[in-house]
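With mmCIF, N, CA and C atoms inside, this is structure-v1.cif:
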```cif
data_final
#
loop_
_atom_site.label_atom_id
_atom_site.label_comp_id
_atom_site.auth_asym_id
_atom_site.auth_seq_id
_atom_site.Cartn_x
_atom_site.Cartn_y
_atom_site.Cartn_z
N MET V 217 -4.79 9.78 -5.68
CA MET V 217 -5.07 9.20 -4.39
C MET V 217 -4.86 7.69 -4.43
N LEU V 218 -4.61 7.13 -3.29
CA LEU V 218 -4.47 5.69 -3.21
C LEU V 218 -5.83 5.03 -3.42
N SER V 219 -5.84 3.91 -4.10
CA SER V 219 -7.08 3.17 -4.30
C SER V 219 -7.53 2.56 -2.97
N GLN V 220 -8.80 2.19 -2.91
CA GLN V 220 -9.32 1.53 -1.71
C GLN V 220 -8.56 0.22 -1.47
N LYS V 221 -8.27 -0.50 -2.54
CA LYS V 221 -7.52 -1.75 -2.42
C LYS V 221 -6.16 -1.52 -1.77
N THR V 222 -5.47 -0.48 -2.21
CA THR V 222 -4.16 -0.17 -1.65
C THR V 222 -4.28 0.19 -0.17
N ARG V 223 -5.27 0.99 0.17
CA ARG V 223 -5.46 1.38 1.58
C ARG V 223 -5.78 0.15 2.44
N TYR V 224 -6.66 -0.72 1.95
CA TYR V 224 -6.97 -1.96 2.69
C TYR V 224 -5.72 -2.83 2.84
N THR V 225 -4.93 -2.93 1.78
CA THR V 225 -3.73 -3.76 1.83
C THR V 225 -2.76 -3.23 2.88
N ILE V 226 -2.54 -1.94 2.88
CA ILE V 226 -1.63 -1.35 3.86
C ILE V 226 -2.13 -1.61 5.28
N ARG V 227 -3.42 -1.39 5.53
CA ARG V 227 -3.96 -1.60 6.88
C ARG V 227 -3.86 -3.07 7.29
N ALA V 228 -4.12 -4.00 6.38
CA ALA V 228 -4.02 -5.42 6.71
C ALA V 228 -2.57 -5.79 7.04
N LEU V 229 -1.63 -5.29 6.24
CA LEU V 229 -0.23 -5.60 6.50
C LEU V 229 0.27 -4.92 7.78
N GLN V 230 -0.22 -3.74 8.08
CA GLN V 230 0.13 -3.09 9.35
C GLN V 230 -0.37 -3.95 10.52
N HIS V 231 -1.58 -4.49 10.38
CA HIS V 231 -2.14 -5.36 11.42
C HIS V 231 -1.25 -6.59 11.62
N LEU V 232 -0.85 -7.22 10.51
CA LEU V 232 0.02 -8.39 10.61
C LEU V 232 1.39 -8.02 11.16
N SER V 233 1.85 -6.82 10.87
CA SER V 233 3.12 -6.35 11.41
C SER V 233 3.05 -6.23 12.94
N ASP V 234 1.91 -5.75 13.42
CA ASP V 234 1.73 -5.58 14.87
C ASP V 234 1.76 -6.92 15.61
N THR V 235 1.43 -8.00 14.91
CA THR V 235 1.40 -9.32 15.55
C THR V 235 2.52 -10.23 15.05
N PHE V 236 3.52 -9.65 14.41
CA PHE V 236 4.61 -10.45 13.84
C PHE V 236 5.28 -11.30 14.91
N GLY V 237 5.50 -12.57 14.57
CA GLY V 237 6.16 -13.50 15.49
C GLY V 237 5.23 -14.16 16.49
N GLN V 238 3.94 -13.82 16.45
CA GLN V 238 2.97 -14.39 17.40
C GLN V 238 2.10 -15.47 16.76
N GLY V 239 2.41 -15.87 15.54
CA GLY V 239 1.64 -16.91 14.86
C GLY V 239 0.59 -16.32 13.95
N PRO V 240 -0.13 -17.20 13.25
CA PRO V 240 -1.13 -16.75 12.28
C PRO V 240 -2.28 -15.97 12.92
N VAL V 241 -2.79 -15.01 12.16
CA VAL V 241 -3.93 -14.20 12.59
C VAL V 241 -5.11 -14.57 11.69
N ARG V 242 -6.24 -14.84 12.30
CA ARG V 242 -7.44 -15.24 11.55
C ARG V 242 -7.92 -14.09 10.68
N LEU V 243 -8.43 -14.44 9.51
CA LEU V 243 -8.95 -13.47 8.56
C LEU V 243 -10.02 -12.59 9.21
N ASP V 244 -10.93 -13.20 9.95
CA ASP V 244 -12.01 -12.44 10.59
C ASP V 244 -11.48 -11.42 11.58
N ALA V 245 -10.40 -11.75 12.27
CA ALA V 245 -9.83 -10.81 13.24
C ALA V 245 -9.25 -9.59 12.53
N ILE V 246 -8.59 -9.82 11.39
CA ILE V 246 -8.04 -8.70 10.63
C ILE V 246 -9.17 -7.84 10.06
N ALA V 247 -10.16 -8.52 9.46
CA ALA V 247 -11.28 -7.81 8.84
C ALA V 247 -12.01 -6.93 9.86
N GLU V 248 -12.26 -7.47 11.04
CA GLU V 248 -12.98 -6.71 12.06
C GLU V 248 -12.14 -5.56 12.61
N ALA V 249 -10.90 -5.84 12.95
CA ALA V 249 -10.04 -4.81 13.54
C ALA V 249 -9.76 -3.67 12.57
N GLN V 250 -9.66 -3.98 11.28
CA GLN V 250 -9.28 -2.97 10.28
C GLN V 250 -10.46 -2.47 9.45
N ASN V 251 -11.66 -2.96 9.75
CA ASN V 251 -12.87 -2.53 9.02
C ASN V 251 -12.71 -2.74 7.51
N ILE V 252 -12.34 -3.97 7.15
CA ILE V 252 -12.15 -4.35 5.74
C ILE V 252 -13.15 -5.45 5.43
N PRO V 253 -13.91 -5.34 4.34
CA PRO V 253 -14.85 -6.41 3.98
C PRO V 253 -14.11 -7.75 3.82
N ARG V 254 -14.66 -8.78 4.41
CA ARG V 254 -14.02 -10.10 4.46
C ARG V 254 -13.66 -10.62 3.06
N LYS V 255 -14.59 -10.52 2.11
CA LYS V 255 -14.33 -11.03 0.75
C LYS V 255 -13.18 -10.28 0.09
N PHE V 256 -13.16 -8.98 0.26
CA PHE V 256 -12.10 -8.15 -0.31
C PHE V 256 -10.76 -8.51 0.33
N LEU V 257 -10.77 -8.70 1.64
CA LEU V 257 -9.55 -9.05 2.36
C LEU V 257 -9.00 -10.40 1.91
N THR V 258 -9.89 -11.35 1.63
CA THR V 258 -9.46 -12.66 1.14
C THR V 258 -8.68 -12.52 -0.16
N VAL V 259 -9.20 -11.71 -1.08
CA VAL V 259 -8.52 -11.48 -2.36
C VAL V 259 -7.17 -10.79 -2.14
N ILE V 260 -7.16 -9.76 -1.31
CA ILE V 260 -5.93 -9.01 -1.04
C ILE V 260 -4.85 -9.92 -0.44
N LEU V 261 -5.21 -10.69 0.57
CA LEU V 261 -4.21 -11.53 1.23
C LEU V 261 -3.75 -12.67 0.32
N SER V 262 -4.62 -13.16 -0.55
CA SER V 262 -4.20 -14.16 -1.54
C SER V 262 -3.16 -13.57 -2.48
N GLU V 263 -3.39 -12.34 -2.94
CA GLU V 263 -2.42 -11.67 -3.81
C GLU V 263 -1.10 -11.45 -3.08
N MET V 264 -1.16 -11.04 -1.84
CA MET V 264 0.07 -10.81 -1.07
C MET V 264 0.81 -12.12 -0.81
N ALA V 265 0.07 -13.21 -0.68
CA ALA V 265 0.72 -14.53 -0.52
C ALA V 265 1.44 -14.91 -1.80
N ARG V 266 0.82 -14.69 -2.96
CA ARG V 266 1.46 -14.99 -4.24
C ARG V 266 2.73 -14.15 -4.44
N GLU V 267 2.73 -12.94 -3.89
CA GLU V 267 3.89 -12.05 -4.00
C GLU V 267 4.97 -12.35 -2.96
N GLY V 268 4.69 -13.28 -2.04
CA GLY V 268 5.68 -13.65 -1.02
C GLY V 268 5.72 -12.71 0.17
N ILE V 269 4.68 -11.88 0.33
CA ILE V 269 4.64 -10.93 1.45
C ILE V 269 4.00 -11.56 2.68
N VAL V 270 2.99 -12.39 2.48
CA VAL V 270 2.33 -13.07 3.60
C VAL V 270 2.35 -14.58 3.37
N ILE V 271 2.15 -15.31 4.44
CA ILE V 271 2.02 -16.77 4.42
C ILE V 271 0.61 -17.09 4.86
N SER V 272 -0.03 -17.98 4.14
CA SER V 272 -1.38 -18.43 4.48
C SER V 272 -1.28 -19.81 5.12
N HIS V 273 -1.91 -19.95 6.28
CA HIS V 273 -1.95 -21.24 6.99
C HIS V 273 -3.39 -21.74 6.97
N ARG V 274 -3.58 -22.94 6.48
CA ARG V 274 -4.93 -23.52 6.42
C ARG V 274 -5.24 -24.27 7.71
N GLY V 275 -6.51 -24.56 7.88
CA GLY V 275 -6.92 -25.40 9.00
C GLY V 275 -7.44 -24.62 10.18
N ARG V 276 -7.76 -25.37 11.20
CA ARG V 276 -8.39 -24.82 12.40
C ARG V 276 -7.57 -23.71 13.06
N GLU V 277 -6.29 -23.91 13.10
CA GLU V 277 -5.39 -22.91 13.71
C GLU V 277 -4.78 -22.00 12.65
N GLY V 278 -5.37 -21.97 11.48
CA GLY V 278 -4.83 -21.23 10.35
C GLY V 278 -5.03 -19.73 10.45
N GLY V 279 -4.57 -19.07 9.43
CA GLY V 279 -4.67 -17.62 9.35
C GLY V 279 -3.55 -17.10 8.47
N TYR V 280 -3.18 -15.87 8.71
CA TYR V 280 -2.15 -15.21 7.90
C TYR V 280 -1.09 -14.61 8.80
N GLU V 281 0.13 -14.59 8.28
CA GLU V 281 1.21 -13.90 8.96
C GLU V 281 2.18 -13.38 7.91
N LEU V 282 2.97 -12.40 8.27
CA LEU V 282 3.96 -11.86 7.34
C LEU V 282 5.00 -12.93 7.02
N ALA V 283 5.40 -13.00 5.76
CA ALA V 283 6.44 -13.93 5.34
C ALA V 283 7.82 -13.36 5.58
N LEU V 284 7.89 -12.05 5.76
CA LEU V 284 9.15 -11.33 5.97
C LEU V 284 9.03 -10.51 7.25
N PRO V 285 10.14 -10.21 7.89
CA PRO V 285 10.08 -9.30 9.03
C PRO V 285 9.55 -7.93 8.58
N PRO V 286 8.80 -7.25 9.43
CA PRO V 286 8.25 -5.93 9.06
C PRO V 286 9.31 -4.95 8.58
N VAL V 287 10.52 -5.05 9.08
CA VAL V 287 11.60 -4.14 8.68
C VAL V 287 11.98 -4.33 7.21
N ASP V 288 11.61 -5.46 6.62
CA ASP V 288 11.95 -5.75 5.23
C ASP V 288 10.82 -5.45 4.25
N ILE V 289 9.72 -4.91 4.73
CA ILE V 289 8.58 -4.59 3.86
C ILE V 289 8.40 -3.07 3.85
N ARG V 290 8.69 -2.49 2.69
CA ARG V 290 8.63 -1.03 2.54
C ARG V 290 7.28 -0.61 1.98
N TYR V 291 6.80 0.55 2.42
CA TYR V 291 5.52 1.06 1.93
C TYR V 291 5.54 1.29 0.43
N GLY V 292 6.68 1.71 -0.12
CA GLY V 292 6.78 1.89 -1.56
C GLY V 292 6.51 0.60 -2.31
N ASP V 293 7.03 -0.51 -1.80
CA ASP V 293 6.80 -1.81 -2.45
C ASP V 293 5.33 -2.22 -2.38
N ILE V 294 4.71 -1.98 -1.25
CA ILE V 294 3.28 -2.32 -1.10
C ILE V 294 2.45 -1.55 -2.12
N ILE V 295 2.72 -0.27 -2.24
CA ILE V 295 1.95 0.56 -3.18
C ILE V 295 2.22 0.12 -4.61
N ARG V 296 3.45 -0.18 -4.93
CA ARG V 296 3.76 -0.64 -6.30
C ARG V 296 3.06 -1.95 -6.60
N LEU V 297 2.99 -2.86 -5.61
CA LEU V 297 2.33 -4.15 -5.83
C LEU V 297 0.83 -4.00 -6.05
N THR V 298 0.21 -3.06 -5.38
CA THR V 298 -1.25 -2.94 -5.47
C THR V 298 -1.69 -1.92 -6.50
N ARG V 299 -0.88 -0.92 -6.74
CA ARG V 299 -1.26 0.17 -7.63
C ARG V 299 -0.49 0.13 -8.94
N GLY V 300 0.69 -0.46 -8.92
CA GLY V 300 1.51 -0.56 -10.11
C GLY V 300 2.52 0.57 -10.26
N SER V 301 2.28 1.69 -9.62
CA SER V 301 3.16 2.85 -9.78
C SER V 301 2.96 3.82 -8.63
N LEU V 302 3.98 4.62 -8.39
CA LEU V 302 3.86 5.70 -7.41
C LEU V 302 3.50 7.02 -8.09
N ALA V 303 3.55 7.04 -9.40
CA ALA V 303 3.32 8.28 -10.15
C ALA V 303 1.86 8.70 -10.12
N LEU V 304 1.66 10.04 -10.16
CA LEU V 304 0.30 10.58 -10.19
C LEU V 304 -0.24 10.73 -11.60
N THR V 305 0.67 10.72 -12.58
CA THR V 305 0.27 10.80 -13.99
C THR V 305 0.95 9.66 -14.74
N PRO V 306 0.33 9.15 -15.80
CA PRO V 306 0.93 8.02 -16.54
C PRO V 306 2.31 8.34 -17.10
N CYS V 307 2.55 9.60 -17.51
CA CYS V 307 3.83 9.96 -18.13
C CYS V 307 4.97 10.03 -17.12
N ALA V 308 4.67 10.05 -15.83
CA ALA V 308 5.71 10.14 -14.80
C ALA V 308 6.02 8.78 -14.16
N SER V 309 5.39 7.73 -14.64
CA SER V 309 5.62 6.40 -14.09
C SER V 309 6.93 5.83 -14.60
N ARG V 310 7.75 5.33 -13.70
CA ARG V 310 9.01 4.69 -14.09
C ARG V 310 8.77 3.25 -14.55
N ASN V 311 7.75 2.58 -13.98
CA ASN V 311 7.51 1.16 -14.27
C ASN V 311 6.35 0.92 -15.24
N ALA V 312 5.45 1.87 -15.36
CA ALA V 312 4.27 1.68 -16.21
C ALA V 312 4.03 2.92 -17.06
N HIS V 313 5.08 3.42 -17.68
CA HIS V 313 4.99 4.67 -18.44
C HIS V 313 4.00 4.58 -19.58
N GLU V 314 3.20 5.62 -19.72
CA GLU V 314 2.31 5.80 -20.86
C GLU V 314 2.31 7.29 -21.18
N THR V 315 2.16 7.61 -22.46
CA THR V 315 2.04 9.01 -22.86
C THR V 315 0.65 9.48 -22.47
N CYS V 316 0.55 10.65 -21.90
CA CYS V 316 -0.75 11.19 -21.50
C CYS V 316 -1.56 11.58 -22.73
N ASN V 317 -2.86 11.35 -22.65
CA ASN V 317 -3.76 11.81 -23.71
C ASN V 317 -3.97 13.31 -23.57
N ASN V 318 -4.19 13.98 -24.69
CA ASN V 318 -4.52 15.41 -24.68
C ASN V 318 -3.48 16.26 -23.95
N CYS V 319 -2.24 16.00 -24.20
CA CYS V 319 -1.18 16.73 -23.52
C CYS V 319 -0.16 17.23 -24.54
N LEU V 320 0.78 17.99 -24.06
CA LEU V 320 1.91 18.45 -24.88
C LEU V 320 2.87 17.29 -25.12
N PRO V 321 3.75 17.42 -26.10
CA PRO V 321 4.82 16.43 -26.22
C PRO V 321 5.60 16.39 -24.90
N GLU V 322 6.00 15.21 -24.48
CA GLU V 322 6.65 15.06 -23.17
C GLU V 322 7.86 15.98 -23.00
N ALA V 323 8.61 16.20 -24.05
CA ALA V 323 9.80 17.05 -23.97
C ALA V 323 9.45 18.51 -23.69
N ASP V 324 8.21 18.90 -23.95
CA ASP V 324 7.77 20.29 -23.75
C ASP V 324 6.86 20.48 -22.54
N CYS V 325 6.59 19.41 -21.80
CA CYS V 325 5.58 19.47 -20.74
C CYS V 325 6.22 19.71 -19.37
N ARG V 326 5.99 20.89 -18.82
CA ARG V 326 6.52 21.20 -17.49
C ARG V 326 5.77 20.45 -16.40
N LEU V 327 4.48 20.15 -16.63
CA LEU V 327 3.71 19.36 -15.66
C LEU V 327 4.37 17.99 -15.47
N ARG V 328 4.82 17.38 -16.57
CA ARG V 328 5.50 16.09 -16.48
C ARG V 328 6.77 16.22 -15.63
N GLY V 329 7.52 17.30 -15.85
CA GLY V 329 8.72 17.52 -15.06
C GLY V 329 8.41 17.61 -13.57
N LEU V 330 7.36 18.33 -13.24
CA LEU V 330 6.92 18.45 -11.84
C LEU V 330 6.50 17.10 -11.29
N MET V 331 5.72 16.34 -12.07
CA MET V 331 5.23 15.03 -11.61
C MET V 331 6.38 14.03 -11.44
N LEU V 332 7.41 14.13 -12.28
CA LEU V 332 8.59 13.27 -12.12
C LEU V 332 9.33 13.61 -10.82
N GLN V 333 9.49 14.90 -10.53
CA GLN V 333 10.13 15.31 -9.27
C GLN V 333 9.33 14.80 -8.08
N LEU V 334 8.02 14.99 -8.12
CA LEU V 334 7.14 14.55 -7.03
C LEU V 334 7.22 13.03 -6.86
N ARG V 335 7.17 12.31 -7.98
CA ARG V 335 7.24 10.85 -7.93
C ARG V 335 8.55 10.40 -7.30
N ASP V 336 9.66 11.02 -7.68
CA ASP V 336 10.96 10.63 -7.14
C ASP V 336 11.07 10.93 -5.65
N GLU V 337 10.57 12.09 -5.22
CA GLU V 337 10.59 12.43 -3.79
C GLU V 337 9.71 11.47 -2.99
N MET V 338 8.54 11.18 -3.53
CA MET V 338 7.62 10.27 -2.85
C MET V 338 8.23 8.87 -2.78
N ALA V 339 8.86 8.41 -3.85
CA ALA V 339 9.51 7.10 -3.86
C ALA V 339 10.62 7.03 -2.81
N THR V 340 11.41 8.09 -2.74
CA THR V 340 12.50 8.12 -1.75
C THR V 340 11.94 7.97 -0.34
N MET V 341 10.89 8.70 -0.05
CA MET V 341 10.29 8.63 1.29
C MET V 341 9.64 7.26 1.54
N LEU V 342 8.80 6.80 0.62
CA LEU V 342 8.07 5.54 0.83
C LEU V 342 9.00 4.33 0.82
N ASP V 343 10.12 4.41 0.13
CA ASP V 343 11.08 3.31 0.13
C ASP V 343 11.98 3.32 1.36
N ARG V 344 11.93 4.38 2.13
CA ARG V 344 12.70 4.48 3.37
C ARG V 344 11.89 3.99 4.57
N ILE V 345 10.57 4.07 4.50
CA ILE V 345 9.70 3.72 5.63
C ILE V 345 9.21 2.29 5.48
N THR V 346 9.37 1.51 6.55
CA THR V 346 8.95 0.10 6.54
C THR V 346 7.79 -0.11 7.51
N LEU V 347 7.22 -1.31 7.46
CA LEU V 347 6.15 -1.65 8.39
C LEU V 347 6.63 -1.64 9.84
N ALA V 348 7.93 -1.72 10.06
CA ALA V 348 8.48 -1.70 11.43
C ALA V 348 8.58 -0.29 12.00
N ASP V 349 8.55 0.70 11.13
CA ASP V 349 8.72 2.07 11.59
C ASP V 349 7.45 2.59 12.25
N PRO V 350 7.59 3.31 13.36
CA PRO V 350 6.40 3.88 14.00
C PRO V 350 5.80 4.98 13.13
N ILE V 351 4.50 5.02 13.07
CA ILE V 351 3.79 6.06 12.33
C ILE V 351 3.01 6.88 13.36
N THR V 352 3.24 8.17 13.35
CA THR V 352 2.56 9.06 14.28
C THR V 352 1.11 9.22 13.88
N LEU V 353 0.22 9.01 14.83
CA LEU V 353 -1.20 9.24 14.58
C LEU V 353 -1.47 10.74 14.61
N GLU V 354 -2.24 11.19 13.67
CA GLU V 354 -2.57 12.61 13.56
C GLU V 354 -4.04 12.82 13.88
N PRO V 355 -4.39 13.92 14.57
CA PRO V 355 -5.81 14.17 14.85
C PRO V 355 -6.56 14.47 13.55
N PRO V 356 -7.86 14.17 13.51
CA PRO V 356 -8.65 14.47 12.31
C PRO V 356 -8.64 15.97 12.01
N PHE V 357 -8.81 16.31 10.74
CA PHE V 357 -8.94 17.72 10.35
C PHE V 357 -10.25 18.27 10.88
N GLU V 358 -10.24 19.52 11.23
CA GLU V 358 -11.48 20.17 11.65
C GLU V 358 -12.42 20.24 10.46
N GLU V 359 -13.70 19.97 10.67
CA GLU V 359 -14.65 20.07 9.57
C GLU V 359 -14.90 21.54 9.25
N GLN V 360 -14.91 21.85 7.97
CA GLN V 360 -15.15 23.21 7.52
C GLN V 360 -16.63 23.53 7.60
N ALA V 361 -16.97 24.70 8.10
CA ALA V 361 -18.37 25.12 8.14
C ALA V 361 -18.84 25.40 6.71
N ALA V 362 -20.03 24.94 6.40
CA ALA V 362 -20.55 25.10 5.02
C ALA V 362 -21.07 26.50 4.78
#
```
Exercise: express the given structure as structure tokens:
Amino acid sequence: MLSQKTRYTIRALQHLSDTFGQGPVRLDAIAEAQNIPRKFLTVILSEMAREGIVISHRGREGGYELALPPVDIRYGDIIRLTRGSLALTPCASRNAHETCNNCLPEADCRLRGLMLQLRDEMATMLDRITLADPITLEPPFEEQAA
């Protein structure tokens, strides 16, 4: 699953995408609209500024805005920046490969083969979708009766 940090980062960048070209957005406005703790958002946006994804403006009229057009920011890149990898298992990571503990040798592991296929399909999809692309809102799942 995506970490809370990754989910907050995506929501913050989606918010900035919605206001692209309209000037800086105040941190408090993003935090309130996206239900992100202010302190956590400060850290996230500072990291995104260091990565060249957002621009930070200081002062009374300050705030944050995207450094790049939304069409140039892919969801795959956001996840890689915050999570380090798109892989669900360490052995399937292209950028942060590690041998799994308590597993078969990689050459004999069919689970690794499956995770590599999944990682590649997910990368293809996430690298195709940008912040400029519309995302269809889906209704919540029905709660299961206990």
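The list of residues with at least one atom within 8 Å of V:Ser272, based on all atoms listed in the file and without residues fewer than 4 positions apart in the same chain, reads Pro240, Leu261, Ser262, Met264, Ala265, Arg266, Gly278, Gly279, Tyr280, Glu281, Leu282 and Ala283 of chain V.
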Just N, CA and C atoms for this one: save the residues we selected as a PDB file, in the coordinates of the input.
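To be explicit, this is the file written out as result_29.pdb:
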```pdb
ATOM      1  N   PRO V 240      -0.130 -17.200  13.250  1.00  0.00           N
ATOM      2  CA  PRO V 240      -1.130 -16.750  12.280  1.00  0.00           C
ATOM      3  C   PRO V 240      -2.280 -15.970  12.920  1.00  0.00           C
ATOM      4  N   LEU V 261      -5.210 -10.690   0.570  1.00  0.00           N
ATOM      5  CA  LEU V 261      -4.210 -11.530   1.230  1.00  0.00           C
ATOM      6  C   LEU V 261      -3.750 -12.670   0.320  1.00  0.00           C
ATOM      7  N   SER V 262      -4.620 -13.160  -0.550  1.00  0.00           N
ATOM      8  CA  SER V 262      -4.200 -14.160  -1.540  1.00  0.00           C
ATOM      9  C   SER V 262      -3.160 -13.570  -2.480  1.00  0.00           C
ATOM     10  N   MET V 264      -1.160 -11.040  -1.840  1.00  0.00           N
ATOM     11  CA  MET V 264       0.070 -10.810  -1.070  1.00  0.00           C
ATOM     12  C   MET V 264       0.810 -12.120  -0.810  1.00  0.00           C
ATOM     13  N   ALA V 265       0.070 -13.210  -0.680  1.00  0.00           N
ATOM     14  CA  ALA V 265       0.720 -14.530  -0.520  1.00  0.00           C
ATOM     15  C   ALA V 265       1.440 -14.910  -1.800  1.00  0.00           C
ATOM     16  N   ARG V 266       0.820 -14.690  -2.960  1.00  0.00           N
ATOM     17  CA  ARG V 266       1.460 -14.990  -4.240  1.00  0.00           C
ATOM     18  C   ARG V 266       2.730 -14.150  -4.440  1.00  0.00           C
ATOM     19  N   GLY V 278      -5.370 -21.970  11.480  1.00  0.00           N
ATOM     20  CA  GLY V 278      -4.830 -21.230  10.350  1.00  0.00           C
ATOM     21  C   GLY V 278      -5.030 -19.730  10.450  1.00  0.00           C
ATOM     22  N   GLY V 279      -4.570 -19.070   9.430  1.00  0.00           N
ATOM     23  CA  GLY V 279      -4.670 -17.620   9.350  1.00  0.00           C
ATOM     24  C   GLY V 279      -3.550 -17.100   8.470  1.00  0.00           C
ATOM     25  N   TYR V 280      -3.180 -15.870   8.710  1.00  0.00           N
ATOM     26  CA  TYR V 280      -2.150 -15.210   7.900  1.00  0.00           C
ATOM     27  C   TYR V 280      -1.090 -14.610   8.800  1.00  0.00           C
ATOM     28  N   GLU V 281       0.130 -14.590   8.280  1.00  0.00           N
ATOM     29  CA  GLU V 281       1.210 -13.900   8.960  1.00  0.00           C
ATOM     30  C   GLU V 281       2.180 -13.380   7.910  1.00  0.00           C
ATOM     31  N   LEU V 282       2.970 -12.400   8.270  1.00  0.00           N
ATOM     32  CA  LEU V 282       3.960 -11.860   7.340  1.00  0.00           C
ATOM     33  C   LEU V 282       5.000 -12.930   7.020  1.00  0.00           C
ATOM     34  N   ALA V 283       5.400 -13.000   5.760  1.00  0.00           N
ATOM     35  CA  ALA V 283       6.440 -13.930   5.340  1.00  0.00           C
ATOM     36  C   ALA V 283       7.820 -13.360   5.580  1.00  0.00           C
TER      37      ALA V 283
END
```
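Atom N of V:Asp343 is found 6.1 Å from atom N of V:Asp293.
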Report, in Å with one decimal, the straight-line distance from atom CA of V:Ala308 to atom CA of V:Gly329. 8.0 Å
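Picked by the PyMOL selection byres ((chain V and resi 219-235) around 6) from the coordinates shown: Met217, Leu218, Phe236, Gly237, Gln238, Gly239, Glu281, Leu282, Pro286 and Thr298 of chain V.
Here atom CA of V:Ala348 stands at a distance of 16.0 Å from atom C of V:Gly268.
The smallest atom-to-atom distance between V:Leu320 and any of V:Cys307, V:Ile289, V:Leu243, V:Leu334, using only C-alpha atoms, is found for V:Cys307.
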Given the file shown, enumerate the residues that the PyMOL selection byres ((chain V and resi 346) around 8) captures and present them as a VMD selection string. chain V and resid 286 to 292 341 to 345 347 to 350
Looking at V:Thr258, V:Asn311, V:Asn318, V:Thr305, which one is nearest to V:Met331, with distances taken over all atoms listed in the file? V:Thr305
Taking the DSSP secondary structure from the backbone, can you list the residues of stretch 238-357 of chain V that are strand (DSSP E), as a PyMOL selection string? chain V and resi 270-273+279-282
Would you mind listing what lies within 12 Å of V:Pro306 as a VMD selection string, with only C-alpha atoms counted and same-chain residues fewer than 4 positions away left out? chain V and resid 300 to 302 310 to 317 319 322 327 to 328 331 to 332 335
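Distances here use only C-alpha atoms; by that measure, the residue among V:Val241, V:Met338, V:Ile294, V:Leu353 closest to V:Arg276 is V:Val241.
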When DSSP is applied to the backbone of this structure, which of chain V are assigned alpha helix (DSSP H)? Write them out as number ranges by chain. V: 220-234, 243-250, 254-266, 291-299, 326-344
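Considering the residues V:Arg254, V:Glu277, V:Ile351, V:Ala339 and counting all atoms listed in the file, V:Ala303 has its shortest atom-to-atom contact with V:Ala339.
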